[in-house]
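Trainee: Next comes run_15.cif, mmCIF, C-alpha atoms:
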data_protein
#
loop_
_atom_site.label_atom_id
_atom_site.label_comp_id
_atom_site.auth_asym_id
_atom_site.auth_seq_id
_atom_site.Cartn_x
_atom_site.Cartn_y
_atom_site.Cartn_z
CA MET S 26 22.55 28.77 -53.71
CA ASN S 27 20.04 31.41 -52.78
CA ASP S 28 20.54 31.05 -49.03
CA ASN S 29 24.13 32.29 -49.01
CA ASN S 30 22.94 35.76 -48.12
CA ASN S 31 20.75 34.48 -45.35
CA SER S 32 22.96 34.78 -42.29
CA ASN S 33 20.32 33.43 -39.91
CA ASN S 34 20.48 30.01 -41.50
CA SER S 35 23.18 28.03 -39.74
CA ILE S 36 22.65 24.76 -41.58
CA GLY S 37 23.27 25.87 -45.11
CA VAL S 38 23.77 22.39 -46.45
CA GLY S 39 20.33 21.17 -45.57
CA LYS S 40 18.64 24.23 -46.99
CA THR S 41 20.46 23.97 -50.27
CA PHE S 42 19.56 20.37 -50.66
CA SER S 43 15.87 20.77 -49.94
CA SER S 44 15.63 23.70 -52.31
CA SER S 45 17.14 21.63 -55.09
CA ASN S 46 14.55 18.97 -54.31
CA THR S 47 11.83 21.08 -55.84
CA ARG S 48 13.29 20.68 -59.32
CA GLN S 49 13.93 16.98 -59.52
CA PRO S 50 15.35 16.71 -63.05
CA LYS S 51 18.53 18.61 -62.26
CA GLU S 52 19.23 16.42 -59.30
CA PHE S 53 18.70 13.31 -61.37
CA LYS S 54 21.36 14.41 -63.84
CA THR S 55 24.07 12.76 -61.77
CA LEU S 56 24.20 9.74 -59.53
CA LEU S 57 23.70 12.00 -56.53
CA CYS S 58 20.00 11.17 -56.74
CA VAL S 59 20.82 7.80 -55.24
CA PHE S 60 22.06 9.37 -52.06
CA SER S 61 19.12 11.68 -51.64
CA ALA S 62 17.02 8.54 -51.63
CA LEU S 63 19.36 6.87 -49.15
CA LYS S 64 18.80 9.56 -46.52
CA GLY S 65 18.26 7.98 -43.12
CA THR S 66 19.86 4.66 -44.00
CA GLN S 67 23.08 3.31 -42.59
CA ILE S 68 26.05 3.15 -44.92
CA THR S 69 29.78 2.64 -44.80
CA ILE S 70 32.04 5.21 -46.42
CA GLN S 71 35.60 4.31 -47.20
CA LEU S 72 37.96 7.25 -47.45
CA ARG S 73 41.12 7.55 -49.48
CA SER S 74 43.08 7.25 -46.26
CA ASP S 75 41.57 3.76 -45.76
CA THR S 76 39.50 5.06 -42.85
CA GLU S 77 35.96 3.73 -42.82
CA PHE S 78 32.95 5.57 -41.48
CA TYR S 79 29.80 3.74 -40.55
CA GLY S 80 26.77 5.90 -39.84
CA THR S 81 23.36 7.18 -40.77
CA ILE S 82 23.07 9.66 -43.65
CA GLU S 83 21.64 12.94 -42.41
CA ASN S 84 22.21 15.01 -45.48
CA VAL S 85 23.93 15.01 -48.84
CA ASP S 86 24.69 18.11 -50.87
CA LYS S 87 25.31 18.56 -54.57
CA HIS S 88 29.05 18.02 -54.17
CA LEU S 89 28.46 14.69 -52.43
CA ASN S 90 29.61 16.04 -49.06
CA ILE S 91 27.88 13.73 -46.61
CA GLU S 92 26.65 14.41 -43.11
CA LEU S 93 26.60 11.30 -40.93
CA SER S 94 25.03 10.94 -37.52
CA ASP S 95 26.00 8.37 -34.88
CA ALA S 96 29.10 7.66 -36.90
CA ARG S 97 31.91 5.35 -35.99
CA SER S 98 35.24 5.60 -37.76
CA THR S 99 37.77 2.83 -38.03
CA ASN S 100 41.19 3.76 -39.35
CA LYS S 101 43.73 1.41 -40.85
CA PHE S 102 45.25 0.70 -37.43
CA ASN S 103 41.81 -0.43 -36.24
CA GLN S 104 41.42 2.51 -33.89
CA ILE S 105 37.79 3.38 -33.36
CA ILE S 106 36.41 6.86 -32.81
CA GLU S 107 32.73 7.67 -32.42
CA TYR S 108 31.03 10.87 -33.49
CA GLN S 109 27.52 12.19 -32.91
CA LEU S 110 27.52 14.18 -36.11
CA ILE S 111 30.22 14.46 -38.75
CA LEU S 112 30.58 15.98 -42.19
CA VAL S 113 32.61 13.93 -44.62
CA GLN S 114 34.14 16.07 -47.33
CA SER S 115 33.43 14.63 -50.76
CA ARG S 116 36.98 14.72 -52.08
CA ASN S 117 38.12 12.21 -49.49
CA ILE S 118 35.53 9.60 -50.40
CA ARG S 119 36.68 6.54 -52.30
CA TYR S 120 33.80 4.09 -51.97
CA ILE S 121 30.37 4.07 -50.45
CA HIS S 122 28.99 0.68 -49.53
CA ILE S 123 25.27 0.50 -50.14
CA PRO S 124 23.32 -2.01 -48.06
CA ASP S 125 21.95 -4.70 -50.35
CA ARG S 126 18.46 -4.60 -48.92
CA ILE S 127 17.99 -1.32 -50.76
CA ASP S 128 16.41 -1.68 -54.16
CA LEU S 129 18.04 0.71 -56.58
CA ASN S 130 16.25 -0.49 -59.70
CA ASN S 131 13.43 2.01 -59.60
CA LEU S 132 15.79 4.86 -58.78
CA LEU S 133 18.21 4.00 -61.56
CA PHE S 134 15.31 3.70 -63.99
CA ILE S 135 14.26 7.27 -63.21
CA TYR S 136 17.89 8.33 -63.52
CA SER S 137 18.34 6.81 -66.97
CA LYS S 138 14.97 8.15 -68.12
CA THR S 139 15.91 11.67 -67.03
CA LEU S 140 19.20 11.39 -68.89
CA SER S 141 17.54 10.31 -72.11
CA ASP S 142 14.92 13.05 -71.75
CA ILE S 143 17.67 15.65 -71.41
CA LYS S 144 19.43 14.19 -74.41
CA LYS S 145 16.27 14.38 -76.51
CA LYS S 146 15.70 17.96 -75.43
CA ASN S 147 19.19 18.99 -76.47
CA GLN S 148 19.07 17.21 -79.78
CA ARG S 149 19.13 19.52 -82.77
CA THR S 150 16.20 19.30 -85.11
CA LYS S 151 17.58 18.05 -88.36
CA ARG S 152 17.06 20.41 -91.29
CA LYS S 153 16.29 19.16 -94.75
CA PRO S 154 19.14 19.84 -97.15
CA GLY S 155 18.56 22.86 -99.38
CA THR S 156 16.12 24.70 -97.13
CA LEU S 157 17.12 27.85 -95.31
CA PRO S 158 16.55 28.36 -91.61
CA TYR S 159 14.24 31.32 -92.26
CA LYS S 160 11.92 32.21 -95.08
CA ALA S 161 14.22 34.58 -96.92
CA ASP S 162 11.97 34.79 -100.00
CA ASP S 163 8.99 36.12 -98.08
CA ASN S 164 11.00 38.84 -96.39
CA ASP S 165 12.58 39.91 -99.67
CA SER S 166 9.27 40.12 -101.43
CA ASP S 167 7.84 42.18 -98.57
CA ASN S 168 10.72 44.60 -98.85
CA ASP S 169 10.28 44.76 -102.62
CA ASN S 170 6.63 45.62 -102.18
CA ASP S 171 7.48 48.33 -99.69
CA GLU S 172 10.04 49.79 -102.04
CA ASP S 173 7.56 49.68 -104.92
CA ILE S 174 5.00 51.51 -102.84
CA GLN S 175 7.57 54.11 -101.85
CA LYS S 176 8.53 54.60 -105.51
CA GLU S 177 4.91 55.01 -106.47
CA GLU S 178 4.43 57.61 -103.77
CA GLU S 179 7.50 59.51 -104.98
CA GLU S 180 6.23 59.55 -108.53
CA MET I 15 17.68 5.33 -74.66
CA ASP I 16 16.75 5.71 -78.28
CA LYS I 17 16.63 2.51 -80.23
CA LYS I 18 18.56 3.71 -83.24
CA GLU I 19 21.41 4.97 -81.04
CA GLU I 20 21.73 1.87 -78.95
CA GLY I 21 24.62 0.22 -80.74
CA THR I 22 26.62 3.27 -81.76
CA VAL I 23 29.69 4.80 -80.18
CA GLU I 24 29.88 8.55 -80.76
CA GLU I 25 31.77 9.68 -77.68
CA PRO I 26 34.02 7.81 -75.25
CA LEU I 27 31.38 7.47 -72.55
CA ASP I 28 29.17 5.59 -75.03
CA LEU I 29 31.56 2.68 -74.65
CA ILE I 30 30.62 2.55 -70.99
CA ARG I 31 26.95 2.89 -71.82
CA LEU I 32 27.24 -0.26 -73.88
CA SER I 33 28.69 -2.03 -70.85
CA LEU I 34 25.67 -1.34 -68.64
CA ASP I 35 24.46 -4.47 -66.85
CA GLU I 36 27.68 -6.30 -67.69
CA ARG I 37 30.68 -7.17 -65.58
CA ILE I 38 33.41 -4.60 -66.10
CA PHE I 39 36.96 -4.19 -64.91
CA VAL I 40 37.88 -0.92 -63.21
CA LYS I 41 41.42 0.10 -62.36
CA MET I 42 41.58 2.50 -59.45
CA ARG I 43 44.27 4.65 -57.93
CA GLN I 44 46.58 3.16 -55.31
CA ASP I 45 46.81 -0.25 -57.00
CA ARG I 46 43.20 -1.24 -56.55
CA GLU I 47 41.17 -3.12 -59.10
CA LEU I 48 37.45 -3.75 -59.17
CA LYS I 49 35.40 -6.26 -61.07
CA GLY I 50 31.66 -5.94 -60.92
CA LYS I 51 28.36 -5.54 -62.69
CA LEU I 52 27.81 -1.95 -63.81
CA HIS I 53 24.40 -0.59 -62.86
CA ALA I 54 24.80 3.12 -63.47
CA TYR I 55 27.39 5.78 -64.15
CA ASP I 56 27.46 9.53 -64.67
CA GLN I 57 29.68 12.06 -66.40
CA HIS I 58 32.15 12.10 -63.51
CA LEU I 59 32.55 8.33 -63.84
CA ASN I 60 30.86 7.85 -60.51
CA MET I 61 29.57 4.32 -60.75
CA ILE I 62 27.30 1.89 -58.99
CA LEU I 63 28.59 -1.65 -59.15
CA SER I 64 27.15 -4.84 -57.70
CA ASP I 65 28.79 -8.13 -56.72
CA VAL I 66 32.14 -6.38 -56.64
CA GLU I 67 35.44 -8.12 -56.16
CA GLU I 68 38.09 -5.69 -55.02
CA THR I 69 41.73 -6.63 -55.42
CA MET I 70 44.38 -4.51 -53.80
CA LYS I 71 48.13 -4.84 -53.74
CA VAL I 72 49.72 -4.72 -50.32
CA VAL I 73 53.30 -4.96 -49.16
CA GLN I 74 53.68 -7.98 -46.91
CA ILE I 75 56.66 -9.21 -44.97
CA ASP I 76 57.64 -12.83 -45.16
CA SER I 77 57.64 -14.16 -41.61
CA ASP I 78 60.53 -16.57 -42.21
CA THR I 79 63.02 -14.52 -44.16
CA GLY I 80 61.85 -11.05 -43.22
CA GLU I 81 61.79 -10.02 -46.87
CA GLU I 82 59.19 -7.70 -48.26
CA PHE I 83 57.04 -8.91 -51.11
CA ILE I 84 53.94 -7.65 -52.82
CA GLY I 85 50.86 -9.70 -52.19
CA THR I 86 47.23 -9.23 -53.11
CA GLU I 87 44.25 -8.87 -50.86
CA LYS I 88 40.73 -9.57 -52.04
CA ARG I 89 37.32 -8.83 -50.69
CA ASN I 90 33.77 -8.99 -51.96
CA ILE I 91 31.17 -6.26 -51.67
CA LYS I 92 27.52 -6.66 -52.60
CA MET I 93 26.73 -3.12 -53.75
CA LEU I 94 29.22 -0.33 -54.11
CA PHE I 95 29.24 3.31 -55.12
CA VAL I 96 32.58 4.30 -56.60
CA ARG I 97 33.55 7.96 -56.68
CA GLY I 98 34.75 8.93 -60.13
CA ASP I 99 37.91 10.79 -59.22
CA GLY I 100 39.66 7.60 -58.17
CA VAL I 101 39.06 5.83 -61.46
CA ILE I 102 41.99 5.33 -63.85
CA LEU I 103 40.44 3.15 -66.52
CA ILE I 104 37.38 1.10 -67.29
CA SER I 105 37.51 -2.00 -69.40
CA PRO I 106 34.31 -3.46 -70.81
CA PRO I 107 33.93 -7.23 -71.06
CA LEU I 108 35.37 -8.89 -74.15
CA ARG I 109 32.75 -9.28 -76.83
CA THR I 110 33.05 -11.83 -79.59
CA SER I 111 31.09 -10.39 -82.45
#
Mind turning the file's structure into structure tokens?
Mentor:
Amino acid sequence: MNDNNNSNNSIGVGKTFSSSNTRQPKEFKTLLCVFSALKGTQITIQLRSDTEFYGTIENVDKHLNIELSDARSTNKFNQIIEYQLILVQSRNIRYIHIPDRIDLNNLLFIYSKTLSDIKKKNQRTKRKPGTLPYKADDNDSDNDNDEDIQKEEEE
Amino acid sequence: MDKKEEGTVEEPLDLIRLSLDERIFVKMRQDRELKGKLHAYDQHLNMILSDVEETMKVVQIDSDTGEEFIGTEKRNIKMLFVRGDGVILISPPLRTS
């Protein structure tokens, strides 16, 4: 976002995410809000290649790219590799296993409320049939008056 | 959600909205199928499902004859986030109304 120009900032992902935190509604437009709340918890990510990553969420950005710390990957041949810090690119993600001790009810309630609020906001106000969107009569009469006055002045 | 809109289907995703909190069937890429209770979804078809049963088709080799055949593998997951780009179709539960 706004920190692209800032060359000093080496961890762009984190900055972007925290800046989007200030305006909550936008973040709650998609299910990404769940993962911002899951920061610091341990999850398992299954990739399309059947590799599974188990680690602690450090950061999530708006594309669902996920930064894991103390991660351990298990591929389909059961080979294990450990990483201190790893960024999982969002396109490769198939599933994310959420630990069941986490209560999502409150979060999903906020999510659905935000959605319905946005929907209400975007709803068109229904116009009564036969009425015009602006008061054409008033404007016309004003113009008529002006013209009358002009005519009077000319005479 | 608005009360008057609750039972109406205006766009395709409304069909999924009506399936919230019900067990749905999801067909995924690479011959995977999910059945689970739908908690939330978004416009990308990212979904949060609970009590998921995942069924996947795998090629197995018969130990006696050495022939290949297609078997199924199942596993259960308590709570699962599904990324939308892997979803092929979603089927709501059958309703008798």
Trainee: Separation of atom CA of I:Thr69 and atom CA of I:Ile84, in Å?
Mentor: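 Atom-to-atom, atom CA of I:Thr69 to atom CA of I:Ile84, that is 12.5 Å.
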Trainee: Report as a PyMOL selection string the residues that result from applying the PyMOL selection byres ((chain S) within 10 of (chain I)) to the structure here.
Mentor: chain S and resi 54-57+59-60+69-71+73+89+115-127+129-130+133-134+136-138+140-142+144-145
Trainee: Quote the spacing between atom CA of I:Gly80 and atom CA of S:Lys101 in Å to one decimal place.
Mentor: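 Separation of atom CA of I:Gly80 and atom CA of S:Lys101: 22.1 Å.
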Trainee: Residues picked by the PyMOL selection byres ((chain I and resi 27) around 12) here, as a list of chain:residue names?
Mentor: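 So the PyMOL selection byres ((chain I and resi 27) around 12), applied here, picks out I:Thr22, I:Val23, I:Glu24, I:Glu25, I:Pro26, I:Asp28, I:Leu29, I:Ile30, I:Arg31, I:Leu32, I:Ser33, I:Leu34, I:Tyr55, I:Asp56, I:Gln57, I:His58, I:Leu59, I:Leu103, I:Ile104, I:Ser105, I:Pro106.
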Trainee: Do a neighbour search on stretch 70-77 of chain I at 9 Å with only C-alpha atoms, toss out local chain neighbours closer than 6 positions, and write the hits as an MDAnalysis selection string.
Mentor: chainID I and resid 44:48 83:89
Trainee: Within 12 Å of (35.9, 4.3, -39.9) (file coordinates; all atoms listed in the file), which protein or nucleic acid residues are there? I'd like them as a PyMOL selection string.
Mentor: chain S and resi 68-80+93+95-108+111+113+118+121
Trainee: Just need stretch 46-95 of chain I in a file, please: N, CA and C atoms, as a compact mmCIF listing (two decimals), in the first residue's frame.
Mentor:
# COMPACT_ATOMS: atom_id res chain seq x y z
N ARG I 46 -11.06 -34.66 -4.70
CA ARG I 46 -11.30 -34.60 -3.27
C ARG I 46 -12.73 -34.12 -3.04
N GLU I 47 -13.34 -34.68 -2.03
CA GLU I 47 -14.70 -34.26 -1.70
C GLU I 47 -14.78 -33.98 -0.20
N LEU I 48 -15.52 -32.95 0.14
CA LEU I 48 -15.66 -32.59 1.55
C LEU I 48 -17.13 -32.60 1.92
N LYS I 49 -17.40 -33.05 3.13
CA LYS I 49 -18.74 -32.88 3.68
C LYS I 49 -18.57 -32.25 5.04
N GLY I 50 -19.27 -31.16 5.26
CA GLY I 50 -19.12 -30.52 6.56
C GLY I 50 -20.12 -29.41 6.76
N LYS I 51 -20.15 -28.93 8.01
CA LYS I 51 -21.10 -27.86 8.35
C LYS I 51 -20.49 -26.52 7.96
N LEU I 52 -21.23 -25.75 7.17
CA LEU I 52 -20.73 -24.48 6.66
C LEU I 52 -20.92 -23.38 7.71
N HIS I 53 -19.82 -22.77 8.11
CA HIS I 53 -19.91 -21.68 9.09
C HIS I 53 -19.86 -20.32 8.43
N ALA I 54 -18.99 -20.18 7.44
CA ALA I 54 -18.86 -18.88 6.78
C ALA I 54 -18.28 -19.07 5.40
N TYR I 55 -18.54 -18.10 4.53
CA TYR I 55 -17.94 -18.12 3.20
C TYR I 55 -17.74 -16.68 2.78
N ASP I 56 -16.96 -16.47 1.73
CA ASP I 56 -16.87 -15.12 1.17
C ASP I 56 -16.97 -15.19 -0.35
N GLN I 57 -16.74 -14.07 -1.00
CA GLN I 57 -17.00 -14.02 -2.45
C GLN I 57 -16.03 -14.86 -3.25
N HIS I 58 -14.90 -15.24 -2.66
CA HIS I 58 -13.96 -16.12 -3.37
C HIS I 58 -14.32 -17.59 -3.19
N LEU I 59 -15.35 -17.85 -2.43
CA LEU I 59 -15.74 -19.20 -2.01
C LEU I 59 -14.74 -19.81 -1.03
N ASN I 60 -13.94 -18.96 -0.40
CA ASN I 60 -13.24 -19.41 0.79
C ASN I 60 -14.32 -19.82 1.79
N MET I 61 -14.08 -20.91 2.50
CA MET I 61 -15.12 -21.36 3.42
C MET I 61 -14.52 -21.84 4.73
N ILE I 62 -15.31 -21.75 5.78
CA ILE I 62 -14.93 -22.37 7.03
C ILE I 62 -15.94 -23.47 7.32
N LEU I 63 -15.44 -24.68 7.39
CA LEU I 63 -16.30 -25.84 7.63
C LEU I 63 -15.91 -26.48 8.95
N SER I 64 -16.89 -27.09 9.61
CA SER I 64 -16.56 -27.84 10.83
C SER I 64 -17.04 -29.28 10.68
N ASP I 65 -16.47 -30.16 11.49
CA ASP I 65 -16.75 -31.60 11.45
C ASP I 65 -16.67 -32.12 10.00
N VAL I 66 -15.53 -31.89 9.39
CA VAL I 66 -15.38 -32.19 7.97
C VAL I 66 -14.97 -33.64 7.77
N GLU I 67 -15.56 -34.26 6.78
CA GLU I 67 -15.10 -35.56 6.34
C GLU I 67 -14.53 -35.39 4.94
N GLU I 68 -13.25 -35.62 4.80
CA GLU I 68 -12.62 -35.48 3.49
C GLU I 68 -12.46 -36.86 2.86
N THR I 69 -12.90 -36.97 1.62
CA THR I 69 -12.74 -38.22 0.88
C THR I 69 -11.86 -37.93 -0.32
N MET I 70 -10.79 -38.68 -0.44
CA MET I 70 -9.97 -38.49 -1.63
C MET I 70 -9.74 -39.83 -2.34
N LYS I 71 -9.64 -39.72 -3.66
CA LYS I 71 -9.41 -40.93 -4.45
C LYS I 71 -7.90 -41.12 -4.62
N VAL I 72 -7.45 -42.32 -4.35
CA VAL I 72 -6.02 -42.59 -4.51
C VAL I 72 -5.84 -43.89 -5.30
N VAL I 73 -4.78 -43.92 -6.07
CA VAL I 73 -4.47 -45.14 -6.83
C VAL I 73 -3.72 -46.09 -5.90
N GLN I 74 -4.28 -47.27 -5.72
CA GLN I 74 -3.63 -48.25 -4.86
C GLN I 74 -3.25 -49.47 -5.71
N ILE I 75 -2.31 -50.21 -5.21
CA ILE I 75 -1.88 -51.41 -5.93
C ILE I 75 -2.23 -52.65 -5.10
N ASP I 76 -2.96 -53.52 -5.73
CA ASP I 76 -3.36 -54.76 -5.07
C ASP I 76 -2.12 -55.59 -4.77
N SER I 77 -1.96 -55.98 -3.52
CA SER I 77 -0.73 -56.66 -3.12
C SER I 77 -0.63 -58.08 -3.70
N ASP I 78 -1.79 -58.68 -3.99
CA ASP I 78 -1.75 -60.05 -4.50
C ASP I 78 -1.50 -60.08 -6.01
N THR I 79 -2.30 -59.34 -6.74
CA THR I 79 -2.24 -59.42 -8.19
C THR I 79 -1.33 -58.36 -8.80
N GLY I 80 -1.01 -57.34 -8.04
CA GLY I 80 -0.18 -56.28 -8.56
C GLY I 80 -0.91 -55.32 -9.45
N GLU I 81 -2.25 -55.43 -9.49
CA GLU I 81 -3.03 -54.54 -10.35
C GLU I 81 -3.32 -53.22 -9.64
N GLU I 82 -3.43 -52.19 -10.45
CA GLU I 82 -3.78 -50.89 -9.89
C GLU I 82 -5.29 -50.74 -9.82
N PHE I 83 -5.77 -50.22 -8.73
CA PHE I 83 -7.20 -49.90 -8.65
C PHE I 83 -7.36 -48.60 -7.86
N ILE I 84 -8.51 -48.00 -8.06
CA ILE I 84 -8.74 -46.70 -7.41
C ILE I 84 -9.51 -46.90 -6.11
N GLY I 85 -8.89 -46.55 -5.04
CA GLY I 85 -9.54 -46.67 -3.74
C GLY I 85 -9.83 -45.29 -3.17
N THR I 86 -10.52 -45.27 -2.05
CA THR I 86 -10.79 -43.98 -1.41
C THR I 86 -10.14 -43.95 -0.03
N GLU I 87 -9.76 -42.74 0.33
CA GLU I 87 -9.15 -42.54 1.63
C GLU I 87 -9.97 -41.49 2.35
N LYS I 88 -10.26 -41.73 3.61
CA LYS I 88 -11.09 -40.76 4.33
C LYS I 88 -10.35 -40.25 5.55
N ARG I 89 -10.64 -39.03 5.91
CA ARG I 89 -10.17 -38.55 7.20
C ARG I 89 -11.11 -37.48 7.72
N ASN I 90 -11.09 -37.29 9.01
CA ASN I 90 -11.98 -36.31 9.64
C ASN I 90 -11.17 -35.15 10.21
N ILE I 91 -11.69 -33.95 10.02
CA ILE I 91 -11.05 -32.75 10.52
C ILE I 91 -12.08 -31.93 11.27
N LYS I 92 -11.71 -31.44 12.44
CA LYS I 92 -12.66 -30.72 13.29
C LYS I 92 -13.08 -29.40 12.66
N MET I 93 -12.09 -28.58 12.33
CA MET I 93 -12.38 -27.24 11.81
C MET I 93 -11.42 -26.95 10.68
N LEU I 94 -11.97 -26.53 9.55
CA LEU I 94 -11.13 -26.41 8.36
C LEU I 94 -11.46 -25.14 7.59
N PHE I 95 -10.39 -24.45 7.19
CA PHE I 95 -10.55 -23.34 6.25
C PHE I 95 -10.22 -23.87 4.86
